[in-house]
$ cat start-v8.txt   # compact mmCIF, C-alpha atoms
# COMPACT_ATOMS: atom_id res chain seq x y z
CA MET A 1 10.49 22.61 7.55
CA GLU A 2 12.46 19.42 8.11
CA THR A 3 13.70 18.24 11.47
CA ILE A 4 16.79 16.07 11.64
CA ALA A 5 17.66 14.42 14.93
CA PHE A 6 20.80 12.63 15.96
CA TYR A 7 20.29 9.87 18.51
CA ARG A 8 23.19 8.14 20.21
CA GLU A 9 23.64 5.92 23.27
CA SER A 10 26.90 4.67 24.75
CA ILE A 11 25.26 1.26 25.13
CA ILE A 12 22.62 0.76 22.45
CA LYS A 13 19.21 -0.35 23.70
CA THR A 14 17.49 -3.39 22.25
CA TYR A 15 14.29 -5.20 23.14
CA GLY A 16 16.22 -8.46 23.58
CA PHE A 17 17.96 -11.11 21.52
CA PHE A 18 16.02 -13.92 19.89
CA GLU A 19 17.27 -17.01 18.14
CA ARG A 20 16.23 -19.84 15.87
CA THR A 21 18.20 -23.06 15.57
CA GLY A 22 18.00 -26.08 13.28
CA LEU A 23 18.05 -23.93 10.16
CA CYS A 24 19.48 -24.29 6.67
CA LEU A 25 21.13 -21.53 4.61
CA VAL A 26 20.70 -21.97 0.86
CA THR A 27 22.53 -19.67 -1.53
CA VAL A 28 22.16 -19.52 -5.30
CA ASP A 29 23.09 -17.07 -8.06
CA LEU A 30 20.27 -16.65 -10.55
CA PRO A 31 19.88 -14.63 -13.73
CA PHE A 32 17.43 -11.80 -13.09
CA HIS A 33 15.00 -13.25 -15.63
CA GLN A 34 14.57 -16.40 -13.47
CA ILE A 35 13.36 -14.57 -10.37
CA GLY A 36 9.70 -15.33 -11.10
CA ASP A 37 10.48 -19.05 -11.45
CA TRP A 38 12.40 -18.95 -8.17
CA GLY A 39 9.44 -17.32 -6.42
CA GLU A 40 7.11 -19.98 -7.77
CA GLY A 41 9.48 -22.72 -6.59
CA LEU A 42 9.69 -21.18 -3.12
CA SER A 43 5.92 -20.96 -2.81
CA GLY A 44 5.76 -24.76 -2.97
CA LEU A 45 8.25 -25.36 -0.13
CA PRO A 46 5.71 -25.76 2.69
CA ASP A 47 3.64 -28.29 0.73
CA GLN A 48 6.55 -30.22 -0.80
CA PHE A 49 8.89 -30.37 2.18
CA GLY A 50 6.92 -29.20 5.20
CA VAL A 51 9.34 -26.32 5.75
CA SER A 52 8.95 -22.58 5.87
CA LEU A 53 11.01 -19.74 4.52
CA ILE A 54 12.27 -17.80 7.55
CA LEU A 55 14.32 -15.09 5.86
CA LEU A 56 15.20 -14.14 2.30
CA MET A 57 18.09 -11.86 1.36
CA ALA A 58 19.23 -10.91 -2.12
CA ARG A 59 21.89 -8.71 -3.66
CA PRO A 60 23.37 -8.23 -7.10
CA ALA A 61 26.17 -10.63 -7.95
CA SER A 62 28.45 -10.43 -10.96
CA GLY A 63 26.99 -9.72 -14.39
CA ASN A 64 23.23 -10.03 -14.61
CA LEU A 65 22.98 -12.36 -11.62
CA LEU A 66 21.18 -11.94 -8.33
CA ARG A 67 22.63 -13.76 -5.30
CA ILE A 68 19.83 -15.13 -3.16
CA HIS A 69 20.30 -16.32 0.40
CA MET A 70 17.39 -18.01 2.08
CA ILE A 71 17.04 -19.36 5.57
CA LEU A 72 14.74 -22.36 5.84
CA ASP A 73 13.37 -23.81 9.06
CA GLU A 74 14.74 -27.32 8.70
CA SER A 75 18.39 -28.30 8.44
CA GLN A 76 17.32 -31.35 6.40
CA THR A 77 15.90 -29.10 3.70
CA GLY A 78 19.19 -28.87 1.80
CA PRO A 79 19.31 -32.57 0.89
CA LEU A 80 15.60 -32.44 0.03
CA LEU A 81 16.19 -29.55 -2.39
CA MET A 82 19.09 -31.42 -3.99
CA ASN A 83 16.95 -34.49 -4.64
CA THR A 84 13.55 -33.03 -5.47
CA PRO A 85 11.99 -33.74 -8.83
CA GLN A 86 10.41 -30.25 -8.73
CA PRO A 87 11.31 -28.81 -12.15
CA PHE A 88 12.70 -25.44 -11.08
CA PHE A 89 15.00 -26.77 -8.37
CA ALA A 90 16.23 -29.44 -10.78
CA THR A 91 17.45 -26.65 -13.11
CA VAL A 92 19.47 -24.91 -10.36
CA ARG A 93 20.63 -27.98 -8.42
CA ASP A 94 24.25 -27.64 -9.51
CA ARG A 95 24.30 -23.98 -8.39
CA LEU A 96 22.85 -24.44 -4.90
CA LYS A 97 25.22 -23.91 -2.00
CA ILE A 98 23.71 -25.45 1.11
CA GLU A 99 24.90 -24.89 4.66
CA ARG A 100 23.04 -27.07 7.10
CA GLU A 101 22.71 -26.48 10.81
CA VAL A 102 22.98 -22.70 10.91
CA GLU A 103 21.42 -20.45 13.51
CA LEU A 104 19.69 -17.10 13.33
CA LEU A 105 20.11 -14.44 16.00
CA TYR A 106 17.93 -11.39 15.60
CA PHE A 107 17.01 -8.29 17.54
CA GLN A 108 15.41 -4.90 17.23
CA GLY A 109 15.44 -1.70 19.16
CA PRO A 110 14.22 1.85 19.43
CA HIS A 111 15.23 4.30 16.73
CA TYR A 112 17.25 1.71 14.74
CA GLY A 113 15.66 2.87 11.53
CA ASP A 114 16.55 6.50 12.28
CA ARG A 115 20.20 6.17 13.12
CA TYR A 116 23.54 5.00 11.86
CA GLY A 117 25.94 2.50 13.36
CA ILE A 118 23.67 -0.30 14.59
CA ALA A 119 25.01 -2.93 12.19
CA SER A 120 28.54 -1.68 12.70
CA ALA A 121 28.22 -2.00 16.49
CA ALA A 122 26.87 -5.55 16.16
CA LEU A 123 29.53 -6.71 13.71
CA THR A 124 32.33 -5.05 15.71
CA ALA A 125 31.16 -6.82 18.87
CA LEU A 126 30.97 -10.18 17.08
CA SER A 127 34.40 -9.66 15.55
CA ALA A 128 35.91 -8.98 18.99
CA TYR A 129 34.64 -12.40 20.11
CA ASN A 130 35.63 -14.11 16.83
CA VAL A 131 32.03 -15.09 16.07
CA PRO A 132 31.75 -16.07 12.40
CA VAL A 133 28.86 -14.47 10.55
CA LEU A 134 27.58 -16.28 7.45
CA ALA A 135 25.07 -13.59 6.48
CA VAL A 136 23.64 -10.40 7.90
CA THR A 137 20.75 -8.19 6.93
CA CYS A 138 19.11 -5.19 8.51
CA THR A 139 15.67 -3.83 7.87
CA GLY A 140 13.98 -0.92 9.59
CA ALA A 141 14.47 -1.54 13.28
CA SER A 142 15.72 -5.16 13.01
CA VAL A 143 19.08 -6.89 12.62
CA PHE A 144 19.35 -10.53 11.50
CA LEU A 145 22.62 -12.46 11.89
CA VAL A 146 23.24 -15.98 10.56
CA THR A 147 25.94 -17.97 12.37
CA PRO A 148 27.19 -21.54 12.27
CA LYS A 149 25.58 -24.05 14.64
CA GLY A 150 26.44 -23.50 18.30
CA LYS A 151 27.64 -19.90 17.93
CA THR A 152 24.55 -18.04 19.15
CA PRO A 153 25.48 -18.25 22.88
CA LEU A 154 28.85 -16.62 22.15
CA ALA A 155 27.15 -14.13 19.82
CA ARG A 156 24.69 -13.17 22.59
CA GLU A 157 27.61 -12.64 24.97
CA ALA A 158 29.43 -10.49 22.43
CA LEU A 159 26.36 -8.43 21.60
CA GLY A 160 25.74 -7.96 25.32
CA GLN A 161 28.86 -5.78 25.36
CA ALA A 162 27.43 -3.33 22.83
CA PHE A 163 23.68 -3.61 23.44
CA MET A 164 21.51 -3.34 26.53
CA THR A 165 18.45 -5.56 26.87
CA PRO A 166 15.54 -4.89 29.25
CA GLU A 167 16.84 -7.78 31.38
CA SER A 168 20.38 -6.44 31.64
CA GLU A 169 19.06 -2.95 32.35
CA LYS A 170 16.88 -4.35 35.15
CA HIS A 171 19.96 -5.95 36.72
CA GLY A 172 21.96 -2.73 36.41
CA ARG A 173 24.48 -4.00 33.91
CA PRO A 174 25.15 -2.84 30.34

$ encode --input "start-v8.txt" --output "structure tokens"
Amino acid sequence: METIAFYRESIIKTYGFFERTGLCLVTVDLPFHQIGDWGEGLSGLPDQFGVSLILLMARPASGNLLRIHMILDESQTGPLLMNTPQPFFATVRDRLKIEREVELLYFQGPHYGDRYGIASAALTALSAYNVPVLAVTCTGASVFLVTPKGKTPLAREALGQAFMTPESEKHGRP
């Protein structure tokens, strides 16, 4: 016997909004057969540049390419990647798209993995406030939104219209 439940709130609960600033978004399209080389190149980032990989997203691009988006913890990482003598990055240098000074806003909540509409509610709220979103990914109970520098305060305000945090619930406001 299978049980299917439908869970819906007028204001969606979340455990709070969290952010990271001073980040770099690097995008590259790679042939599928180069994924192993890319992974090896990424594993050297902390030692070579003193930076960490915060978030990695990938999706198929045209043909046999995979579009990879990675968020790194230093906005200066982009120029470092462009100038590194590291062999793998040298082969993809002309394909790297680097957006410095991006921010990451992320949150999670109860039942997000069991229900529909969480990402839609977040993106609708951001759209109503004209908050640009450079990338978004959802996994299980978490939502990750990448915005340009300085947009996370407005994004928090927008998301506050569609999501309830423990703090806003304590103060009796949605």

$ closest_residue --input "start-v8.txt" --among "A:Ala90, A:Leu123, A:Ile118, A:Ala162" --to "Asp37 in chain A" --atoms "all atoms listed in the file"
A:Ala90

$ atom_distance --input "start-v8.txt" --atom1 "CA of Met57 in chain A" --atom2 "CA of His69 in chain A"
5.1 Å

$ atom_distance --input "start-v8.txt" --atom1 "CA of Tyr129 in chain A" --atom2 "CA of Ala155 in chain A"
7.7 Å

$ closest_residue --input "start-v8.txt" --among "A:Val143, A:Glu40, A:Pro132, A:Arg100" --to "Ile71 in chain A" --atoms "all atoms listed in the file"
A:Arg100

$ residues_near_point --input "start-v8.txt" --point "(26.0, -18.4, 16.2)" --cutoff "12 Å" --atoms "all atoms listed in the file" --output "NGL selection string"
:A and (18-23 or 101-106 or 126 or 129-136 or 144-159)

$ atom_distance --input "start-v8.txt" --atom1 "CA of Thr124 in chain A" --atom2 "CA of Gly160 in chain A"
12.0 Å

$ closest_residue --input "start-v8.txt" --among "A:Val26, A:Val51, A:Ala122, A:Leu96" --to "Glu74 in chain A" --atoms "all atoms listed in the file"
A:Val51
